[in-house]
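What follows is the content of structure22.cif, which has mmCIF, C-alpha atoms:
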```cif
data_structure
#
loop_
_atom_site.label_atom_id
_atom_site.label_comp_id
_atom_site.auth_asym_id
_atom_site.auth_seq_id
_atom_site.Cartn_x
_atom_site.Cartn_y
_atom_site.Cartn_z
CA ILE A 44 180.26 140.82 45.93
CA GLU A 45 180.89 143.40 43.23
CA THR A 46 181.57 140.62 40.72
CA LEU A 47 178.25 138.98 41.58
CA LYS A 48 176.48 142.33 41.18
CA ASP A 49 178.16 142.91 37.81
CA SER A 50 176.95 139.47 36.71
CA ALA A 51 173.38 140.26 37.85
CA ALA A 52 173.54 137.41 40.36
CA LEU A 53 173.13 139.88 43.24
CA SER A 54 170.92 142.93 43.42
CA ALA A 55 172.15 146.37 44.51
CA ASN A 56 171.24 145.53 48.12
CA GLU A 57 173.12 142.19 47.88
CA ALA A 58 170.07 139.94 47.61
CA LEU A 59 170.15 136.94 45.28
CA THR A 60 168.40 137.70 41.99
CA PRO A 61 166.34 135.02 40.18
CA LEU A 62 169.41 134.41 38.00
CA GLY A 63 171.65 134.23 41.05
CA LYS A 64 169.40 131.61 42.66
CA GLN A 65 169.70 129.41 39.58
CA ILE A 66 173.47 129.86 39.33
CA ALA A 67 173.79 128.94 43.02
CA ARG A 68 172.28 125.53 42.25
CA LEU A 69 175.12 124.64 39.87
CA PRO A 70 178.68 123.46 40.73
CA LEU A 71 180.17 126.27 38.66
CA ASP A 72 181.54 129.73 39.22
CA VAL A 73 179.25 132.60 38.35
CA GLY A 74 180.48 133.20 34.80
CA MET A 75 180.33 129.58 33.71
CA GLY A 76 177.03 129.01 35.50
CA LYS A 77 175.60 131.98 33.64
CA LEU A 78 177.00 130.61 30.36
CA ALA A 79 175.22 127.28 30.89
CA ILE A 80 171.91 128.97 31.73
CA LEU A 81 172.12 131.36 28.79
CA GLY A 82 172.81 128.36 26.56
CA ILE A 83 169.43 126.95 27.60
CA VAL A 84 167.54 130.23 27.28
CA LEU A 85 169.07 131.18 23.93
CA ARG A 86 168.92 127.65 22.47
CA CYS A 87 172.61 127.02 21.88
CA LEU A 88 173.07 124.60 24.75
CA ASP A 89 175.46 122.11 23.17
CA ALA A 90 177.95 124.83 22.26
CA ALA A 91 177.54 126.65 25.58
CA ILE A 92 177.86 123.57 27.79
CA THR A 93 180.78 122.16 25.79
CA ILE A 94 182.63 125.48 26.04
CA THR A 95 181.88 125.48 29.78
CA ALA A 96 183.39 121.98 30.04
CA ILE A 97 186.46 123.05 28.03
CA LEU A 98 186.99 126.06 30.31
CA SER A 99 186.61 123.77 33.34
CA THR A 100 189.22 121.36 31.96
CA LYS A 101 191.87 122.57 29.49
CA SER A 102 192.65 122.84 25.81
CA PRO A 103 192.22 119.53 23.98
CA PHE A 104 195.31 120.19 21.85
CA SER A 105 198.42 118.28 22.89
CA VAL A 106 201.37 120.15 21.39
CA SER A 107 204.97 119.13 22.12
CA GLN A 108 208.04 121.26 21.64
CA ASN A 109 209.20 119.23 18.64
CA GLN A 110 206.11 120.16 16.63
CA SER A 111 206.69 122.86 14.04
CA ASP A 112 204.76 126.10 14.36
CA ASN A 113 203.55 125.73 10.78
CA ARG A 114 202.04 122.30 11.42
CA ILE A 115 200.32 123.47 14.59
CA ALA A 116 198.93 126.53 12.80
CA THR A 117 197.72 124.42 9.87
CA ILE A 118 195.96 121.91 12.11
CA LYS A 119 194.27 124.60 14.18
CA ALA A 120 193.25 126.44 11.02
CA SER A 121 191.42 123.30 9.89
CA PHE A 122 189.10 123.73 12.90
CA SER A 123 188.88 127.52 12.67
CA ARG A 124 185.45 128.90 13.33
CA GLY A 125 184.07 132.36 13.95
CA GLU A 126 187.51 133.89 14.65
CA SER A 127 187.25 132.45 18.16
CA ASP A 128 189.59 130.11 20.02
CA LEU A 129 186.66 128.77 22.03
CA LEU A 130 184.73 127.95 18.86
CA LEU A 131 187.90 126.42 17.39
CA HIS A 132 188.09 124.08 20.40
CA TYR A 133 184.36 123.34 20.12
CA GLN A 134 184.79 122.47 16.44
CA ALA A 135 187.70 120.15 17.28
CA TYR A 136 185.51 118.48 19.92
CA LEU A 137 182.70 117.95 17.37
CA ALA A 138 185.17 116.43 14.90
CA TRP A 139 186.46 114.13 17.66
CA GLN A 140 182.91 112.99 18.41
CA ASN A 141 182.42 112.14 14.75
CA ALA A 142 185.72 110.23 14.65
CA CYS A 143 184.71 108.26 17.76
CA ARG A 144 181.43 107.23 16.15
CA GLN A 145 183.44 105.90 13.20
CA GLY A 146 185.92 104.05 15.41
CA ARG A 147 188.80 106.35 14.40
CA GLU A 148 189.40 108.17 17.70
CA TYR A 149 193.11 107.46 18.23
CA GLU A 150 194.10 107.83 14.57
CA PHE A 151 192.20 111.15 14.44
CA CYS A 152 193.82 112.46 17.64
CA ARG A 153 197.34 111.56 16.50
CA LYS A 154 196.81 113.23 13.15
CA HIS A 155 195.38 116.43 14.63
CA LEU A 156 197.58 116.76 17.75
CA LEU A 157 194.62 116.24 20.08
CA SER A 158 194.57 114.50 23.45
CA SER A 159 191.96 111.73 23.60
CA GLN A 160 192.30 111.77 27.39
CA VAL A 161 191.51 115.49 27.67
CA LEU A 162 188.63 115.19 25.19
CA SER A 163 187.20 112.32 27.24
CA GLN A 164 187.48 114.50 30.36
CA ILE A 165 185.66 117.30 28.54
CA GLU A 166 182.92 114.86 27.52
CA ASP A 167 182.56 113.53 31.08
CA GLN A 168 182.41 117.06 32.46
CA LYS A 169 179.83 118.06 29.84
CA VAL A 170 177.55 115.13 30.65
CA SER A 171 177.86 115.77 34.40
CA LEU A 172 176.92 119.43 33.89
CA LEU A 173 173.90 118.44 31.79
CA VAL A 174 172.79 116.13 34.62
CA ASN A 175 173.23 119.01 37.08
CA LEU A 176 171.11 121.27 34.89
CA ALA A 177 168.41 118.62 34.63
CA ASP A 178 168.45 117.89 38.38
CA ALA A 179 168.15 121.63 39.08
CA GLY A 180 165.04 121.78 36.89
CA LEU A 181 166.68 124.14 34.41
CA LEU A 182 166.92 121.58 31.61
CA LEU A 183 163.58 119.86 31.10
CA LEU A 184 164.02 116.41 29.57
CA HIS A 185 161.42 113.78 28.72
CA GLY A 186 161.69 110.37 30.38
CA GLN A 187 163.62 108.68 27.57
CA GLU A 188 165.92 111.69 27.16
CA MET A 189 166.75 111.62 30.86
CA ASP A 190 167.44 107.89 30.70
CA LEU A 191 169.83 108.42 27.78
CA LEU A 192 171.62 111.22 29.65
CA ARG A 193 172.08 109.17 32.81
CA ARG A 194 173.27 106.23 30.71
CA ALA A 195 175.83 108.48 29.03
CA ARG A 196 177.13 109.47 32.46
CA VAL A 197 178.13 105.89 33.32
CA ASN A 198 178.86 104.64 29.80
CA ARG A 199 182.55 105.12 28.97
CA ARG A 200 182.24 103.87 25.40
CA ARG A 201 183.24 106.64 23.03
CA SER A 202 180.80 105.74 20.30
CA ASP A 203 177.47 106.72 21.85
CA PHE A 204 177.04 110.35 22.84
CA PHE A 205 174.06 112.09 24.41
CA THR A 206 172.50 114.44 21.87
CA VAL A 207 171.13 117.72 23.26
CA PRO A 208 167.46 117.96 22.16
CA GLU A 209 166.92 120.23 19.17
CA ARG A 210 164.53 122.48 21.11
CA TYR A 211 167.53 123.57 23.24
CA ASN A 212 169.98 123.59 20.39
CA GLU A 213 168.53 125.42 17.40
CA LEU A 214 171.27 128.08 17.38
CA SER A 215 174.43 126.05 18.10
CA ASP A 216 175.50 126.67 14.49
CA ASN A 217 175.20 130.46 14.87
CA ASP A 218 178.78 131.56 15.56
CA SER A 219 177.94 135.21 16.23
CA GLY A 220 175.18 134.19 18.60
CA ILE A 221 177.45 131.84 20.54
CA CYS A 222 180.14 134.51 20.87
CA ALA A 223 177.48 136.94 22.12
CA VAL A 224 176.32 134.40 24.72
CA VAL A 225 179.91 133.90 25.95
CA ALA A 226 180.43 137.67 26.15
CA ALA A 227 177.16 138.13 28.05
CA ALA A 228 178.07 135.35 30.48
CA PHE A 229 181.44 136.82 31.43
CA TYR A 230 180.59 140.54 31.17
CA PRO A 231 182.21 142.79 32.33
CA LYS A 232 185.34 140.57 32.42
CA LEU A 233 186.07 141.42 28.82
CA LEU A 234 188.66 143.20 26.72
CA ILE A 235 187.52 145.34 23.81
CA TRP A 236 189.68 146.42 20.87
CA GLU A 237 189.67 150.16 20.37
CA GLY A 238 191.69 151.37 17.42
CA LYS A 239 195.27 150.78 18.51
CA GLY A 240 194.86 148.93 21.78
CA TRP A 241 192.77 146.93 24.22
CA ARG A 242 190.55 148.31 26.96
CA ASN A 243 189.42 146.40 30.06
CA VAL A 244 185.63 146.78 30.16
CA SER A 245 185.52 146.22 33.92
CA SER A 246 188.16 148.78 34.97
CA ASN A 247 187.98 150.97 31.82
CA GLN A 248 191.79 150.88 31.70
CA HIS A 249 193.90 150.25 28.62
CA VAL A 250 195.99 147.09 28.72
CA SER A 251 198.71 145.53 26.58
CA LEU A 252 198.95 141.85 25.72
CA ALA A 253 202.39 140.26 25.55
#
```
What is this file in structure tokens?
Amino acid sequence: IETLKDSAALSANEALTPLGKQIARLPLDVGMGKLAILGIVLRCLDAAITITAILSTKSPFSVSQNQSDNRIATIKASFSRGESDLLLHYQAYLAWQNACRQGREYEFCRKHLLSSQVLSQIEDQKVSLLVNLADAGLLLLHGQEMDLLRRARVNRRRSDFFTVPERYNELSDNDSGICAVVAAAFYPKLLIWEGKGWRNVSSNQHVSLA
């Protein structure tokens, strides 16, 4: 209950807020539901919903013990974006999409230590979440857009991807904005760096990371 209050899904007297009512319509926990909704409101939906799908699945990188640390670091650095692991994974996903369109999916994944299976799971999860948002009336799509989205849900070909309409996606290239949306979605479950250490925003206690 306190978590729901902190997320503004419940009021002080434990009644569902307007935000809470919308989150309750989605098959997501409160933080990820809030992330998806903020992605719509703040027009960075593709980034927000893809990050939600990644958090609901797992990292797309497939790293074995025989891979050198230097190679792993170099590959991940090639996708580096906004000093954020989540944006790094989003950038890798975007590059995978582009490789799929060019018919180079498996070559691309082998070269960059990515799992095509996990990326396909992320894509399936993303499309399902977009359908959920549309069915809940949170994502308003025109007739043809909705047809394309539903087709993407059943189409397993990795060459045609549903494109989030530009009106919901004007800021998906704004790294600072996306990081702010993620922070707002999961607040107060955050750590903040203060000089020489980390502080848990929720408990106000200092923590150490191994």
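When the PyMOL selection byres ((chain A and resi 242-250) around 12) is run on the displayed coordinates, the residues it returns are Glu45, Thr46, Asp49, Ser50, Ala226, Phe229, Tyr230, Pro231, Lys232, Leu233, Leu234, Ile235, Trp236, Glu237, Gly238, Lys239, Gly240, Trp241, Ser251, Leu252 and Ala253 of chain A.
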Pull out every residue that the PyMOL selection byres ((chain A and resi 102-105) around 9) matches in the shown coordinates and put them as an mmCIF file with C-alpha atoms, in the frame of the given file.
```
data_model
loop_
_atom_site.group_PDB
_atom_site.id
_atom_site.type_symbol
_atom_site.label_atom_id
_atom_site.label_comp_id
_atom_site.auth_asym_id
_atom_site.auth_seq_id
_atom_site.Cartn_x
_atom_site.Cartn_y
_atom_site.Cartn_z
ATOM 1 C CA ILE A 97 186.460 123.050 28.030
ATOM 2 C CA LEU A 98 186.990 126.060 30.310
ATOM 3 C CA THR A 100 189.220 121.360 31.960
ATOM 4 C CA LYS A 101 191.870 122.570 29.490
ATOM 5 C CA VAL A 106 201.370 120.150 21.390
ATOM 6 C CA SER A 107 204.970 119.130 22.120
ATOM 7 C CA LYS A 119 194.270 124.600 14.180
ATOM 8 C CA HIS A 132 188.090 124.080 20.400
ATOM 9 C CA ALA A 135 187.700 120.150 17.280
ATOM 10 C CA TYR A 136 185.510 118.480 19.920
ATOM 11 C CA CYS A 152 193.820 112.460 17.640
ATOM 12 C CA HIS A 155 195.380 116.430 14.630
ATOM 13 C CA LEU A 156 197.580 116.760 17.750
ATOM 14 C CA LEU A 157 194.620 116.240 20.080
ATOM 15 C CA SER A 158 194.570 114.500 23.450
ATOM 16 C CA SER A 159 191.960 111.730 23.600
ATOM 17 C CA GLN A 160 192.300 111.770 27.390
ATOM 18 C CA VAL A 161 191.510 115.490 27.670
ATOM 19 C CA LEU A 162 188.630 115.190 25.190
ATOM 20 C CA ILE A 165 185.660 117.300 28.540
#
```
For this session: Would you mind listing what lies within 12 Å of Ile92 in chain A as a PyMOL selection string, with all atoms listed in the file counted and same-chain residues fewer than 4 positions away left out?
Result: chain A and resi 71+75-83+86-88+96-99+129+133+165-176+182+207+211-212+215+221+224-225
Problem set entry | Which of A:Gln164, A:Ser202, A:Ser54, A:Thr117 sits closest to Gln140 in chain A [using only C-alpha atoms] | A:Ser202
Problem set entry | Result set, the PyMOL selection byres ((chain A and resi 203) around 12) on current file, as a PyMOL selection string | chain A and resi 140-146+166+191-192+194-202+204-206
With C-alpha atoms retained, write the just-selected residues as a PDB file, in the coordinates of the input.
```pdb
ATOM      1  CA  GLN A 140     182.910 112.990  18.410  1.00  0.00           C
ATOM      2  CA  ASN A 141     182.420 112.140  14.750  1.00  0.00           C
ATOM      3  CA  ALA A 142     185.720 110.230  14.650  1.00  0.00           C
ATOM      4  CA  CYS A 143     184.710 108.260  17.760  1.00  0.00           C
ATOM      5  CA  ARG A 144     181.430 107.230  16.150  1.00  0.00           C
ATOM      6  CA  GLN A 145     183.440 105.900  13.200  1.00  0.00           C
ATOM      7  CA  GLY A 146     185.920 104.050  15.410  1.00  0.00           C
ATOM      8  CA  GLU A 166     182.920 114.860  27.520  1.00  0.00           C
ATOM      9  CA  LEU A 191     169.830 108.420  27.780  1.00  0.00           C
ATOM     10  CA  LEU A 192     171.620 111.220  29.650  1.00  0.00           C
ATOM     11  CA  ARG A 194     173.270 106.230  30.710  1.00  0.00           C
ATOM     12  CA  ALA A 195     175.830 108.480  29.030  1.00  0.00           C
ATOM     13  CA  ARG A 196     177.130 109.470  32.460  1.00  0.00           C
ATOM     14  CA  VAL A 197     178.130 105.890  33.320  1.00  0.00           C
ATOM     15  CA  ASN A 198     178.860 104.640  29.800  1.00  0.00           C
ATOM     16  CA  ARG A 199     182.550 105.120  28.970  1.00  0.00           C
ATOM     17  CA  ARG A 200     182.240 103.870  25.400  1.00  0.00           C
ATOM     18  CA  ARG A 201     183.240 106.640  23.030  1.00  0.00           C
ATOM     19  CA  SER A 202     180.800 105.740  20.300  1.00  0.00           C
ATOM     20  CA  PHE A 204     177.040 110.350  22.840  1.00  0.00           C
ATOM     21  CA  PHE A 205     174.060 112.090  24.410  1.00  0.00           C
ATOM     22  CA  THR A 206     172.500 114.440  21.870  1.00  0.00           C
TER      23      THR A 206
END
```
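Taking CA of Gln134 in chain A as the reference point, CA of Phe151 in chain A is found at 13.7 Å.
CA of Gly180 in chain A is found 12.9 Å from CA of Ala67 in chain A.
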Exercise. When you draw a straight line from CA of Ala90 in chain A to CA of Leu131 in chain A, how long is it in Å?
Worked result: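 Spanning CA of Ala90 in chain A to CA of Leu131 in chain A is a straight-line distance of 11.2 Å.
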